[in-house]
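Structure data follow from data00.tsv (TSV, C-alpha atoms):
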chain	number	residue	atom	x	y	z
A	1	MET	CA	14.23	-5.04	39.74
A	2	GLY	CA	17.52	-4.61	37.92
A	3	ARG	CA	17.83	-8.31	37.26
A	4	VAL	CA	14.27	-8.67	36.03
A	5	VAL	CA	14.76	-5.78	33.63
A	6	ARG	CA	18.03	-7.24	32.44
A	7	ALA	CA	16.47	-10.67	31.90
A	8	ALA	CA	13.56	-9.15	29.98
A	9	LEU	CA	15.99	-7.14	27.88
A	10	ALA	CA	18.04	-10.24	27.09
A	11	GLY	CA	14.86	-12.11	26.18
A	12	VAL	CA	13.67	-9.41	23.80
A	13	LEU	CA	17.08	-9.00	22.18
A	14	THR	CA	17.36	-12.77	21.66
A	15	LEU	CA	13.87	-13.08	20.17
A	16	VAL	CA	14.50	-10.22	17.77
A	17	ALA	CA	17.75	-11.67	16.45
A	18	LEU	CA	16.77	-15.34	16.61
A	19	PRO	CA	15.03	-15.74	13.21
A	20	MET	CA	17.95	-14.16	11.44
A	21	LEU	CA	20.52	-16.28	13.29
A	22	VAL	CA	18.63	-19.51	12.67
A	23	VAL	CA	18.25	-18.78	8.96
A	24	VAL	CA	21.90	-17.83	8.52
A	25	VAL	CA	23.16	-20.90	10.39
A	26	ALA	CA	20.73	-23.20	8.58
A	27	SER	CA	21.76	-21.75	5.21
A	28	PHE	CA	25.17	-23.38	5.61
A	29	SER	CA	23.80	-26.87	6.22
A	30	ALA	CA	25.38	-29.74	4.34
A	31	GLY	CA	22.35	-32.05	4.08
A	32	GLU	CA	19.76	-32.42	1.34
A	33	THR	CA	16.98	-30.96	3.44
A	34	LEU	CA	16.96	-27.99	5.76
A	35	SER	CA	17.63	-28.97	9.36
A	36	PHE	CA	18.45	-27.14	12.53
A	37	PRO	CA	20.98	-27.50	14.00
A	38	PRO	CA	22.55	-28.31	10.62
A	39	ALA	CA	24.13	-31.72	10.06
A	40	GLY	CA	27.35	-30.19	8.82
A	41	PHE	CA	28.85	-27.01	7.49
A	42	SER	CA	28.83	-26.44	3.75
A	43	LEU	CA	28.78	-23.62	1.24
A	44	ARG	CA	26.81	-25.78	-1.18
A	45	PRO	CA	23.40	-24.13	-0.63
A	46	TYR	CA	24.87	-20.85	-1.84
A	47	LEU	CA	26.53	-22.47	-4.84
A	48	GLU	CA	23.28	-24.21	-5.73
A	49	LEU	CA	21.55	-20.88	-5.44
A	50	LEU	CA	23.60	-19.66	-8.39
A	51	ASP	CA	22.42	-22.62	-10.46
A	52	ASP	CA	18.80	-22.40	-9.39
A	53	GLU	CA	17.11	-20.65	-12.28
A	54	VAL	CA	13.75	-20.25	-10.48
A	55	ILE	CA	15.20	-18.60	-7.39
A	56	ARG	CA	17.61	-16.44	-9.37
A	57	VAL	CA	14.90	-15.07	-11.61
A	58	ALA	CA	12.59	-14.56	-8.63
A	59	LEU	CA	15.35	-12.66	-6.83
A	60	ALA	CA	15.84	-10.42	-9.87
A	61	ARG	CA	12.11	-9.74	-9.97
A	62	SER	CA	12.06	-8.85	-6.28
A	63	LEU	CA	14.97	-6.45	-6.70
A	64	PHE	CA	13.25	-4.85	-9.70
A	65	VAL	CA	10.07	-4.44	-7.67
A	66	GLY	CA	12.07	-2.99	-4.78
A	67	VAL	CA	13.75	-0.37	-6.97
A	68	LEU	CA	10.48	0.55	-8.64
A	69	VAL	CA	8.71	0.84	-5.28
A	70	VAL	CA	11.43	3.20	-4.06
A	71	ALA	CA	11.19	5.32	-7.22
A	72	LEU	CA	7.39	5.57	-7.04
A	73	ALA	CA	7.23	6.14	-3.29
A	74	VAL	CA	9.92	8.83	-3.24
A	75	THR	CA	8.29	10.61	-6.19
A	76	ALA	CA	4.90	10.61	-4.51
A	77	GLY	CA	5.79	10.65	-0.84
A	78	VAL	CA	8.39	13.40	-0.58
A	79	PRO	CA	6.28	16.14	-2.24
A	80	ALA	CA	3.24	14.97	-0.28
A	81	SER	CA	5.13	15.23	3.00
A	82	ILE	CA	6.43	18.69	2.10
A	83	ALA	CA	2.93	19.84	1.25
A	84	LEU	CA	1.45	18.48	4.47
A	85	VAL	CA	4.15	19.70	6.82
A	86	ARG	CA	5.20	23.01	5.25
A	87	TYR	CA	2.21	24.37	3.41
A	88	ARG	CA	-0.47	23.26	5.85
A	89	PRO	CA	-3.23	22.87	3.25
A	90	ARG	CA	-6.90	22.98	4.14
A	91	PHE	CA	-8.29	19.67	5.41
A	92	ARG	CA	-4.77	18.72	6.46
A	93	LEU	CA	-5.91	16.13	8.98
A	94	GLY	CA	-8.26	14.62	6.42
A	95	LEU	CA	-5.55	14.56	3.75
A	96	THR	CA	-3.12	12.96	6.18
A	97	ALA	CA	-5.64	10.27	7.06
A	98	TYR	CA	-6.32	9.75	3.36
A	99	LEU	CA	-2.64	9.26	2.59
A	100	LEU	CA	-2.40	6.80	5.47
A	101	LEU	CA	-5.12	4.60	3.95
A	102	GLY	CA	-2.34	2.40	2.63
A	103	ILE	CA	-1.67	0.95	6.06
A	104	THR	CA	-5.12	1.24	7.58
A	105	THR	CA	-6.39	-0.92	4.73
A	106	PRO	CA	-5.51	-4.53	5.50
A	107	LEU	CA	-3.02	-5.91	2.98
A	108	ILE	CA	-5.43	-8.63	1.96
A	109	SER	CA	-8.04	-6.01	0.98
A	110	THR	CA	-5.50	-3.97	-0.96
A	111	ALA	CA	-4.31	-7.10	-2.71
A	112	PHE	CA	-7.74	-8.24	-3.86
A	113	ALA	CA	-8.81	-4.73	-4.80
A	114	PHE	CA	-5.80	-4.53	-7.11
A	115	LEU	CA	-6.50	-8.07	-8.35
A	116	VAL	CA	-9.97	-6.97	-9.43
A	117	ILE	CA	-8.61	-3.82	-11.09
A	118	TYR	CA	-5.75	-5.60	-12.84
A	119	THR	CA	-7.95	-8.46	-14.02
A	120	ARG	CA	-10.34	-5.95	-15.59
A	121	THR	CA	-7.56	-3.98	-17.24
A	122	GLY	CA	-5.50	-6.98	-18.31
A	123	LEU	CA	-2.46	-6.02	-16.25
A	124	ILE	CA	-2.18	-9.38	-14.51
A	125	GLY	CA	1.02	-11.17	-15.40
A	126	ARG	CA	3.17	-8.08	-15.49
A	127	LEU	CA	5.62	-7.04	-12.84
A	128	TRP	CA	5.27	-3.27	-12.58
A	129	PRO	CA	1.62	-3.32	-11.50
A	130	ILE	CA	2.69	-5.41	-8.50
A	131	ALA	CA	5.20	-2.69	-7.60
A	132	VAL	CA	2.43	-0.08	-7.86
A	133	ALA	CA	0.22	-2.05	-5.45
A	134	ILE	CA	3.09	-2.54	-3.00
A	135	THR	CA	3.85	1.19	-3.16
A	136	VAL	CA	0.27	2.09	-2.30
A	137	ALA	CA	0.32	-0.20	0.72
A	138	ASN	CA	3.72	0.96	2.01
A	139	LEU	CA	3.81	4.66	1.13
A	140	PRO	CA	2.93	5.73	4.70
A	141	PHE	CA	6.17	4.24	6.02
A	142	LEU	CA	8.20	6.52	3.78
A	143	MET	CA	5.99	9.47	4.65
A	144	PHE	CA	6.40	8.92	8.40
A	145	SER	CA	10.12	9.13	8.00
A	146	VAL	CA	10.21	12.11	5.62
A	147	SER	CA	7.61	14.09	7.55
A	148	SER	CA	9.33	13.69	10.86
A	149	ALA	CA	12.65	14.82	9.37
A	150	LEU	CA	10.91	17.79	7.81
A	151	ALA	CA	8.98	18.69	10.95
A	152	SER	CA	12.15	18.73	13.03
A	153	LEU	CA	13.84	21.01	10.48
A	154	ASP	CA	13.64	24.58	11.74
A	155	PRO	CA	11.47	26.60	9.29
A	156	HIS	CA	13.48	29.68	10.30
A	157	LEU	CA	16.40	28.26	8.33
A	158	GLU	CA	14.32	28.49	5.17
A	159	GLU	CA	13.15	31.98	6.05
A	160	ALA	CA	16.74	32.99	6.73
A	161	ALA	CA	17.80	31.66	3.34
A	162	ALA	CA	15.00	33.64	1.71
A	163	THR	CA	16.01	36.77	3.63
A	164	LEU	CA	19.55	36.32	2.40
A	165	GLY	CA	18.27	36.48	-1.16
A	166	ALA	CA	17.86	32.83	-2.07
A	167	GLU	CA	15.25	32.01	-4.66
A	168	ARG	CA	12.60	29.48	-3.68
A	169	VAL	CA	14.27	26.80	-5.78
A	170	GLN	CA	17.65	27.57	-4.22
A	171	THR	CA	16.17	27.48	-0.74
A	172	PHE	CA	14.62	24.13	-1.51
A	173	LEU	CA	17.76	22.65	-3.06
A	174	PHE	CA	20.29	23.92	-0.54
A	175	VAL	CA	18.33	24.20	2.70
A	176	THR	CA	15.18	22.10	2.74
A	177	LEU	CA	16.42	19.11	0.78
A	178	PRO	CA	19.68	18.59	2.72
A	179	GLY	CA	17.74	19.06	5.94
A	180	MET	CA	15.26	16.35	5.11
A	181	ALA	CA	17.78	14.07	3.38
A	182	PRO	CA	18.28	11.82	6.44
A	183	GLY	CA	14.53	11.24	6.55
A	184	ILE	CA	14.37	10.50	2.82
A	185	LEU	CA	17.27	8.07	3.12
A	186	SER	CA	15.90	6.15	6.06
A	187	GLY	CA	12.48	6.09	4.39
A	188	THR	CA	14.10	4.77	1.23
A	189	ILE	CA	15.88	2.01	3.13
A	190	MET	CA	12.69	1.02	4.86
A	191	ILE	CA	10.49	0.99	1.79
A	192	PHE	CA	13.08	-0.84	-0.31
A	193	VAL	CA	13.35	-3.62	2.26
A	194	LEU	CA	9.56	-3.72	2.58
A	195	GLY	CA	9.32	-3.82	-1.20
A	196	ILE	CA	11.68	-6.73	-1.76
A	197	SER	CA	10.23	-8.76	1.10
A	198	GLU	CA	6.56	-8.03	0.45
A	199	PHE	CA	4.64	-11.28	0.37
A	200	LEU	CA	0.87	-11.14	0.43
A	201	ILE	CA	0.29	-8.64	-2.38
A	202	SER	CA	2.79	-10.43	-4.61
A	203	LEU	CA	1.22	-13.79	-3.74
A	204	ILE	CA	-2.20	-12.67	-4.87
A	205	LEU	CA	-1.17	-10.58	-7.86
A	206	SER	CA	1.60	-12.74	-9.27
A	207	THR	CA	1.38	-15.47	-11.84
A	208	VAL	CA	4.05	-18.08	-12.50
A	209	ALA	CA	5.70	-15.52	-14.77
A	210	THR	CA	5.90	-12.83	-12.11
A	211	GLN	CA	6.69	-14.70	-8.91
A	212	THR	CA	8.83	-12.66	-6.57
A	213	LEU	CA	11.29	-14.36	-4.23
A	214	PRO	CA	9.11	-14.48	-1.09
A	215	VAL	CA	6.32	-16.06	-3.14
A	216	ALA	CA	8.74	-18.55	-4.71
A	217	ILE	CA	10.05	-19.49	-1.27
A	218	PHE	CA	6.53	-19.88	0.11
A	219	GLY	CA	5.64	-22.08	-2.84
A	220	SER	CA	8.50	-24.46	-2.15
A	221	LEU	CA	7.74	-24.78	1.57
A	222	ARG	CA	5.52	-27.83	1.03
A	223	GLY	CA	7.46	-31.03	1.45
A	224	PRO	CA	11.13	-31.23	2.42
A	225	VAL	CA	12.74	-27.80	2.35
A	226	PRO	CA	16.06	-27.59	0.48
A	227	PRO	CA	18.80	-25.52	2.21
A	228	THR	CA	18.89	-23.37	-0.92
A	229	LEU	CA	15.83	-21.54	0.40
A	230	ALA	CA	17.67	-20.63	3.59
A	231	ALA	CA	20.56	-19.49	1.41
A	232	ALA	CA	18.15	-17.26	-0.52
A	233	ALA	CA	16.96	-15.82	2.78
A	234	GLY	CA	20.60	-15.35	3.81
A	235	LEU	CA	21.24	-13.50	0.58
A	236	TYR	CA	18.27	-11.27	1.36
A	237	ILE	CA	19.75	-10.39	4.73
A	238	VAL	CA	23.05	-9.52	3.00
A	239	ILE	CA	21.22	-7.31	0.49
A	240	ALA	CA	19.31	-5.55	3.25
A	241	PHE	CA	22.50	-4.88	5.19
A	242	ALA	CA	24.25	-3.71	2.01
A	243	VAL	CA	21.46	-1.24	1.24
A	244	VAL	CA	21.57	0.12	4.77
A	245	GLY	CA	25.36	0.39	4.56
A	246	VAL	CA	25.42	2.15	1.20
A	247	LEU	CA	22.69	4.62	2.07
A	248	THR	CA	24.22	5.39	5.45
A	249	SER	CA	27.58	6.11	3.86
A	250	LEU	CA	25.79	8.24	1.25
A	251	ARG	CA	24.45	10.27	4.09
A	252	THR	CA	27.88	10.78	5.56
A	253	THR	CA	29.20	11.82	2.15
A	254	GLU	CA	26.36	14.25	1.76
A	255	GLN	CA	26.92	15.80	5.16
A	256	PHE	CA	30.59	16.15	4.36
A	257	PHE	CA	29.72	17.73	1.03
A	258	TYR	CA	27.33	20.28	2.45
A	259	ARG	CA	29.51	21.17	5.39
A	260	ASN	CA	32.38	22.08	3.12
A	261	ASP	CA	30.14	24.13	0.93
B	1	MET	CA	12.99	18.65	41.75
B	2	GLY	CA	13.50	15.48	43.67
B	3	ALA	CA	10.95	13.23	41.99
B	4	PRO	CA	11.88	9.54	42.15
B	5	PRO	CA	12.44	7.79	38.77
B	6	VAL	CA	9.08	6.00	38.86
B	7	ARG	CA	7.21	9.28	39.26
B	8	VAL	CA	9.28	10.87	36.51
B	9	TRP	CA	8.16	8.02	34.28
B	10	ARG	CA	4.55	8.23	35.35
B	11	HIS	CA	4.14	11.98	35.08
B	12	VAL	CA	6.73	13.22	32.59
B	13	VAL	CA	8.08	10.61	30.19
B	14	THR	CA	4.87	8.66	29.52
B	15	PRO	CA	2.66	11.71	28.83
B	16	LEU	CA	5.27	13.15	26.49
B	17	ALA	CA	5.70	9.86	24.65
B	18	ARG	CA	1.95	9.23	24.48
B	19	PRO	CA	1.42	10.16	20.80
B	20	GLY	CA	4.42	8.05	19.85
B	21	ILE	CA	3.20	5.07	21.85
B	22	ALA	CA	-0.28	5.37	20.35
B	23	GLY	CA	1.12	5.63	16.83
B	24	ALA	CA	3.36	2.62	17.29
B	25	ALA	CA	0.48	0.63	18.78
B	26	ALA	CA	-1.69	1.55	15.79
B	27	VAL	CA	0.90	0.43	13.24
B	28	VAL	CA	1.62	-2.83	15.06
B	29	PHE	CA	-2.09	-3.59	15.45
B	30	LEU	CA	-2.79	-2.89	11.78
B	31	LEU	CA	0.03	-5.16	10.68
B	32	SER	CA	-0.89	-7.98	13.06
B	33	VAL	CA	-4.65	-8.03	12.63
B	34	ALA	CA	-4.33	-8.66	8.91
B	35	GLU	CA	-1.43	-11.07	9.19
B	36	TYR	CA	-1.43	-13.75	6.53
B	37	ASP	CA	1.91	-15.50	6.20
B	38	MET	CA	2.60	-16.41	9.84
B	39	PRO	CA	-0.68	-18.33	10.29
B	40	ALA	CA	-0.27	-19.85	6.84
B	41	ILE	CA	3.24	-21.15	7.53
B	42	LEU	CA	3.38	-21.66	11.30
B	43	GLY	CA	-0.28	-22.61	11.72
B	44	LEU	CA	0.02	-25.27	9.01
B	45	GLY	CA	-3.30	-24.09	7.66
B	46	ARG	CA	-5.10	-25.31	10.78
B	47	MET	CA	-5.65	-21.95	12.43
B	48	PRO	CA	-6.59	-19.49	9.70
B	49	PHE	CA	-6.67	-15.82	10.62
B	50	VAL	CA	-9.18	-13.52	9.00
B	51	ALA	CA	-6.81	-12.72	6.13
B	52	ASN	CA	-6.40	-16.42	5.33
B	53	VAL	CA	-10.18	-16.86	5.39
B	54	ILE	CA	-10.65	-13.88	3.08
B	55	ARG	CA	-8.15	-15.29	0.63
B	56	SER	CA	-9.82	-18.69	0.55
B	57	ILE	CA	-13.21	-17.06	0.03
B	58	TYR	CA	-11.79	-15.19	-2.95
B	59	THR	CA	-9.72	-17.94	-4.50
B	60	LEU	CA	-11.31	-21.25	-3.49
B	61	GLN	CA	-14.98	-20.25	-3.35
B	62	ASN	CA	-14.44	-17.60	-5.99
B	63	ASN	CA	-16.91	-15.39	-4.15
B	64	LEU	CA	-15.88	-11.84	-4.90
B	65	TYR	CA	-18.77	-10.30	-2.99
B	66	LEU	CA	-18.43	-12.20	0.27
B	67	GLY	CA	-14.67	-11.66	0.19
B	68	SER	CA	-15.10	-7.94	-0.31
B	69	ALA	CA	-17.66	-7.80	2.50
B	70	PHE	CA	-15.22	-9.51	4.86
B	71	SER	CA	-12.46	-7.13	3.75
B	72	LEU	CA	-14.68	-4.17	4.45
B	73	VAL	CA	-15.49	-5.42	7.94
B	74	LEU	CA	-11.80	-5.92	8.66
B	75	MET	CA	-11.10	-2.45	7.30
B	76	ALA	CA	-13.83	-0.96	9.50
B	77	ILE	CA	-12.37	-2.63	12.59
B	78	SER	CA	-8.86	-1.42	11.72
B	79	THR	CA	-10.04	2.11	11.04
B	80	LEU	CA	-12.06	2.23	14.24
B	81	PHE	CA	-9.06	1.07	16.24
B	82	VAL	CA	-6.85	3.73	14.66
B	83	VAL	CA	-9.43	6.46	15.22
B	84	VAL	CA	-9.66	5.53	18.90
B	85	LEU	CA	-5.87	5.45	19.23
B	86	VAL	CA	-5.49	8.80	17.48
B	87	ALA	CA	-8.04	10.32	19.85
B	88	VAL	CA	-6.59	8.74	22.98
B	89	GLY	CA	-2.99	9.39	21.98
B	90	GLY	CA	-3.62	12.98	20.94
B	91	ILE	CA	-1.94	12.44	17.57
B	92	ARG	CA	-2.22	15.52	15.39
B	93	ASN	CA	0.27	14.98	12.59
B	94	LEU	CA	2.26	12.41	10.68
B	95	ARG	CA	5.22	12.25	12.98
B	96	GLY	CA	3.01	11.41	15.90
B	97	GLY	CA	3.54	14.73	17.62
B	98	SER	CA	0.82	16.60	19.45
B	99	ASP	CA	1.71	20.10	18.27
B	100	GLY	CA	-0.38	22.03	15.71

Give the structure from this file in C-alpha cells form.
Amino acid sequence: MGRVVRAALAGVLTLVALPMLVVVVASFSAGETLSFPPAGFSLRPYLELLDDEVIRVALARSLFVGVLVVALAVTAGVPASIALVRYRPRFRLGLTAYLLLGITTPLISTAFAFLVIYTRTGLIGRLWPIAVAITVANLPFLMFSVSSALASLDPHLEEAAATLGAERVQTFLFVTLPGMAPGILSGTIMIFVLGISEFLISLILSTVATQTLPVAIFGSLRGPVPPTLAAAAGLYIVIAFAVVGVLTSLRTTEQFFYRND
Amino acid sequence: MGAPPVRVWRHVVTPLARPGIAGAAAVVFLLSVAEYDMPAILGLGRMPFVANVIRSIYTLQNNLYLGSAFSLVLMAISTLFVVVLVAVGGIRNLRGGSDG
C-alpha cells in the first residue's frame, strides 16, 4: 500500500513538473531548431529573444493584457465578492451562478461572442477589448479566491470594530480589507498568470497588430521550431515566479505593517 | 474513537470535502471539455475536439449560425454538468462550502 501510494505520488509530481522542466532545458539548446534532449548548452536562444522584434512586442502586449485583466477583475470581482458574502442579497444563488457564467461558458463560445460584438462595434484590432474578454472568462477564478478569504474572516471582527466606534469606511479599510488581502493577492496572482497565458480568446480576437505571446508562439509552431520560442516560454515561467514572489512578499510586508499598528 | 484510517476517510473526510471535490471536478471538466490548444498542437489537427470544430465552422465555413448553435449545445452540456455537480456536491456558495 505504502509503496503504491508513493509511486503514484512520484508519478503525479513528475507529470506536473515535466512540461516546465522540458521547456526550460530545451530553451538552452545550442542548435538551430528545438530538440530534446538539446544538442548542446547555449544562452543564444535568450540573446536572440532580445533581438526578436515579433516576440518582444508580443510579450509586451501579453504583459499589458495581464495588467489590464488584473485591474478590471479586481475592480469588479472584489466588490462583487463582498456583496455576495457579506450582504447576502436576494437571489444570491442566482447572482452567484450568473457571475460564474464566465467559466461555465466554454472559452470558444465566449471568444466568438466577443468576436461578433467587436466586429459590429469596430473594436477588432485593438488590445484592450481582448483584455475585457479575458477578464469576463476568468473573473470567477479571482472571485473564488476573494470569497473564500472573506467567508473565513470572522464577521464578529467587523462588528467588534463597529462597537468600538469605527465608521463603516474605517471598518472596511482596517478590518475587512486586511482580512481579505491574502485572498485578493492570490486571486491577483492567478488571474494575472491566466491573463498573460490566455490563448484561445486572444487567438480568435487578435489581428496581426494585436498578437499576444501565446498566439505568436502558436503561429510559429508550423515547421521547424526555433529554440527562441522555448526561451520565450522560459521567460514566461520566470515572470510567473517573479509575480508570485513579489506578491507573496507584499503580503508579508502588509502583515508586518498591520501587526505593528 | 478507534475508527481505522480507511473508515475515517470513508465516513468523515470524504463527506466533509464533498463540496470541494465537486467544485474542483466542475472546474476541471469545464476547462477540459472546451479544450482547444492541446488537440490543435498535440493532435496535429487530426483529432479535433468540439472547440476546434466550432472554430473551423466559424472561420473556415464562415457559418455564424451553425457555430453559435454548436456553442450553445456545448454550453448546455457544461451547464447541465455543473448543475448536477452542484446538486450532488451540496455546494451552496462560492467557496464550495455547504453552509448557508

Using only C-alpha atoms, find the residues of chain B whose closest atom to chain A is at most 10 Å away, then write them as a PyMOL selection string.
chain B and resi 26-27+29-37+40-41+50-52+54-55+58-59+64+67-72+74-83+92-97+100

Store the residues of this selection in a file with C-alpha atoms, as a PDB file, keeping the file's coordinate frame.
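Final output, again_16.pdb:
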ATOM      1  CA  ALA B  26      -1.690   1.550  15.790  1.00  0.00           C
ATOM      2  CA  VAL B  27       0.900   0.430  13.240  1.00  0.00           C
ATOM      3  CA  PHE B  29      -2.090  -3.590  15.450  1.00  0.00           C
ATOM      4  CA  LEU B  30      -2.790  -2.890  11.780  1.00  0.00           C
ATOM      5  CA  LEU B  31       0.030  -5.160  10.680  1.00  0.00           C
ATOM      6  CA  SER B  32      -0.890  -7.980  13.060  1.00  0.00           C
ATOM      7  CA  VAL B  33      -4.650  -8.030  12.630  1.00  0.00           C
ATOM      8  CA  ALA B  34      -4.330  -8.660   8.910  1.00  0.00           C
ATOM      9  CA  GLU B  35      -1.430 -11.070   9.190  1.00  0.00           C
ATOM     10  CA  TYR B  36      -1.430 -13.750   6.530  1.00  0.00           C
ATOM     11  CA  ASP B  37       1.910 -15.500   6.200  1.00  0.00           C
ATOM     12  CA  ALA B  40      -0.270 -19.850   6.840  1.00  0.00           C
ATOM     13  CA  ILE B  41       3.240 -21.150   7.530  1.00  0.00           C
ATOM     14  CA  VAL B  50      -9.180 -13.520   9.000  1.00  0.00           C
ATOM     15  CA  ALA B  51      -6.810 -12.720   6.130  1.00  0.00           C
ATOM     16  CA  ASN B  52      -6.400 -16.420   5.330  1.00  0.00           C
ATOM     17  CA  ILE B  54     -10.650 -13.880   3.080  1.00  0.00           C
ATOM     18  CA  ARG B  55      -8.150 -15.290   0.630  1.00  0.00           C
ATOM     19  CA  TYR B  58     -11.790 -15.190  -2.950  1.00  0.00           C
ATOM     20  CA  THR B  59      -9.720 -17.940  -4.500  1.00  0.00           C
ATOM     21  CA  LEU B  64     -15.880 -11.840  -4.900  1.00  0.00           C
ATOM     22  CA  GLY B  67     -14.670 -11.660   0.190  1.00  0.00           C
ATOM     23  CA  SER B  68     -15.100  -7.940  -0.310  1.00  0.00           C
ATOM     24  CA  ALA B  69     -17.660  -7.800   2.500  1.00  0.00           C
ATOM     25  CA  PHE B  70     -15.220  -9.510   4.860  1.00  0.00           C
ATOM     26  CA  SER B  71     -12.460  -7.130   3.750  1.00  0.00           C
ATOM     27  CA  LEU B  72     -14.680  -4.170   4.450  1.00  0.00           C
ATOM     28  CA  LEU B  74     -11.800  -5.920   8.660  1.00  0.00           C
ATOM     29  CA  MET B  75     -11.100  -2.450   7.300  1.00  0.00           C
ATOM     30  CA  ALA B  76     -13.830  -0.960   9.500  1.00  0.00           C
ATOM     31  CA  ILE B  77     -12.370  -2.630  12.590  1.00  0.00           C
ATOM     32  CA  SER B  78      -8.860  -1.420  11.720  1.00  0.00           C
ATOM     33  CA  THR B  79     -10.040   2.110  11.040  1.00  0.00           C
ATOM     34  CA  LEU B  80     -12.060   2.230  14.240  1.00  0.00           C
ATOM     35  CA  PHE B  81      -9.060   1.070  16.240  1.00  0.00           C
ATOM     36  CA  VAL B  82      -6.850   3.730  14.660  1.00  0.00           C
ATOM     37  CA  VAL B  83      -9.430   6.460  15.220  1.00  0.00           C
ATOM     38  CA  ARG B  92      -2.220  15.520  15.390  1.00  0.00           C
ATOM     39  CA  ASN B  93       0.270  14.980  12.590  1.00  0.00           C
ATOM     40  CA  LEU B  94       2.260  12.410  10.680  1.00  0.00           C
ATOM     41  CA  ARG B  95       5.220  12.250  12.980  1.00  0.00           C
ATOM     42  CA  GLY B  96       3.010  11.410  15.900  1.00  0.00           C
ATOM     43  CA  GLY B  97       3.540  14.730  17.620  1.00  0.00           C
ATOM     44  CA  GLY B 100      -0.380  22.030  15.710  1.00  0.00           C
TER      45      GLY B 100
END

Next on the checklist: So that I can see what lies close to Ile196 in chain A, please list as a PyMOL selection string the residues with an atom at most 9 Å from it, counting all atoms listed in the file and leaving out residues fewer than 4 positions away in the same chain.
Outcome noted: chain A and resi 59+61-67+69+191-192+212-214+236

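Residue neighbourhood of range 166-179 of chain A, excluding near-sequence residues (fewer than 5 positions): Leu153, Glu158 and Ala161 of chain A, at 7 Å, using only C-alpha atoms.
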
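Here CA of Gly23 in chain B stands at a distance of 24.9 Å from CA of Pro39 in chain B.
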
Correct to one decimal, the distance CA of Leu42 in chain B-CA of Ala17 in chain A is 18.2 Å

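Each of B:Val28, B:Leu66, B:Ala22, B:Val12 was compared to Val53 in chain B using only C-alpha atoms, and B:Leu66 turns out to be the nearest.
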
Axis-aligned box over every listed atom of range 18-22 of chain B, padded by 5 Å per side: centre and edges in Å to one decimal, as JSON?
{"center_x": 2.1, "center_y": 7.6, "center_z": 22.2, "size_x": 14.7, "size_y": 15.1, "size_z": 14.6}

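Candidate residues B:Leu60, B:Met38, B:Leu44, B:Leu85 were compared for distance to Ile21 in chain B, and the nearest is B:Leu85, using only C-alpha atoms.
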
Counting only C-alpha atoms, closest pick from A:Ile237, A:Pro79, A:Ala232, A:Leu250 relative to Leu50 in chain A is A:Ala232

Atom pair CA of Ser186 in chain A + CA of Leu247 in chain A, distance 8.0 Å

query = Counting only C-alpha atoms, what is within 7 Å of Pro227 in chain A, bar same-chain residues fewer than 3 positions away, as a PyMOL selection string?
reply = chain A and resi 27+29+33-34+45+230-231

Filtering to N, CA and C atoms, could range 203-216 of chain A of the supplied structure be written out as a short mmCIF file (atom, residue, chain, number, x, y, z; two decimals), in the first residue's frame?
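Output contents, as saved in out_1.cif:
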data_model
loop_
_atom_site.label_atom_id
_atom_site.label_comp_id
_atom_site.auth_asym_id
_atom_site.auth_seq_id
_atom_site.Cartn_x
_atom_site.Cartn_y
_atom_site.Cartn_z
N LEU A 203 -6.40 34.27 -29.62
CA LEU A 203 -6.25 33.73 -30.98
C LEU A 203 -7.39 34.20 -31.86
N ILE A 204 -8.60 34.17 -31.32
CA ILE A 204 -9.76 34.49 -32.15
C ILE A 204 -9.96 35.99 -32.28
N LEU A 205 -9.61 36.74 -31.24
CA LEU A 205 -9.87 38.18 -31.28
C LEU A 205 -8.71 39.00 -31.82
N SER A 206 -7.51 38.37 -31.93
CA SER A 206 -6.37 39.21 -32.29
C SER A 206 -6.17 39.26 -33.80
N THR A 207 -5.61 40.37 -34.23
CA THR A 207 -5.16 40.51 -35.61
C THR A 207 -3.63 40.49 -35.55
N VAL A 208 -2.99 40.66 -36.70
CA VAL A 208 -1.53 40.67 -36.69
C VAL A 208 -1.02 41.78 -35.77
N ALA A 209 -1.80 42.86 -35.66
CA ALA A 209 -1.35 44.00 -34.88
C ALA A 209 -1.56 43.80 -33.38
N THR A 210 -2.30 42.77 -32.99
CA THR A 210 -2.56 42.61 -31.56
C THR A 210 -2.23 41.21 -31.06
N GLN A 211 -1.36 40.51 -31.77
CA GLN A 211 -0.99 39.17 -31.34
C GLN A 211 -0.33 39.18 -29.97
N THR A 212 -0.87 38.37 -29.06
CA THR A 212 -0.19 38.22 -27.77
C THR A 212 0.83 37.08 -27.89
N LEU A 213 1.66 36.92 -26.88
CA LEU A 213 2.76 35.95 -26.99
C LEU A 213 2.30 34.51 -27.25
N PRO A 214 1.30 34.00 -26.49
CA PRO A 214 0.88 32.62 -26.79
C PRO A 214 0.44 32.44 -28.24
N VAL A 215 -0.26 33.45 -28.78
CA VAL A 215 -0.71 33.36 -30.17
C VAL A 215 0.48 33.39 -31.12
N ALA A 216 1.45 34.26 -30.82
CA ALA A 216 2.65 34.34 -31.66
C ALA A 216 3.41 33.02 -31.64
#
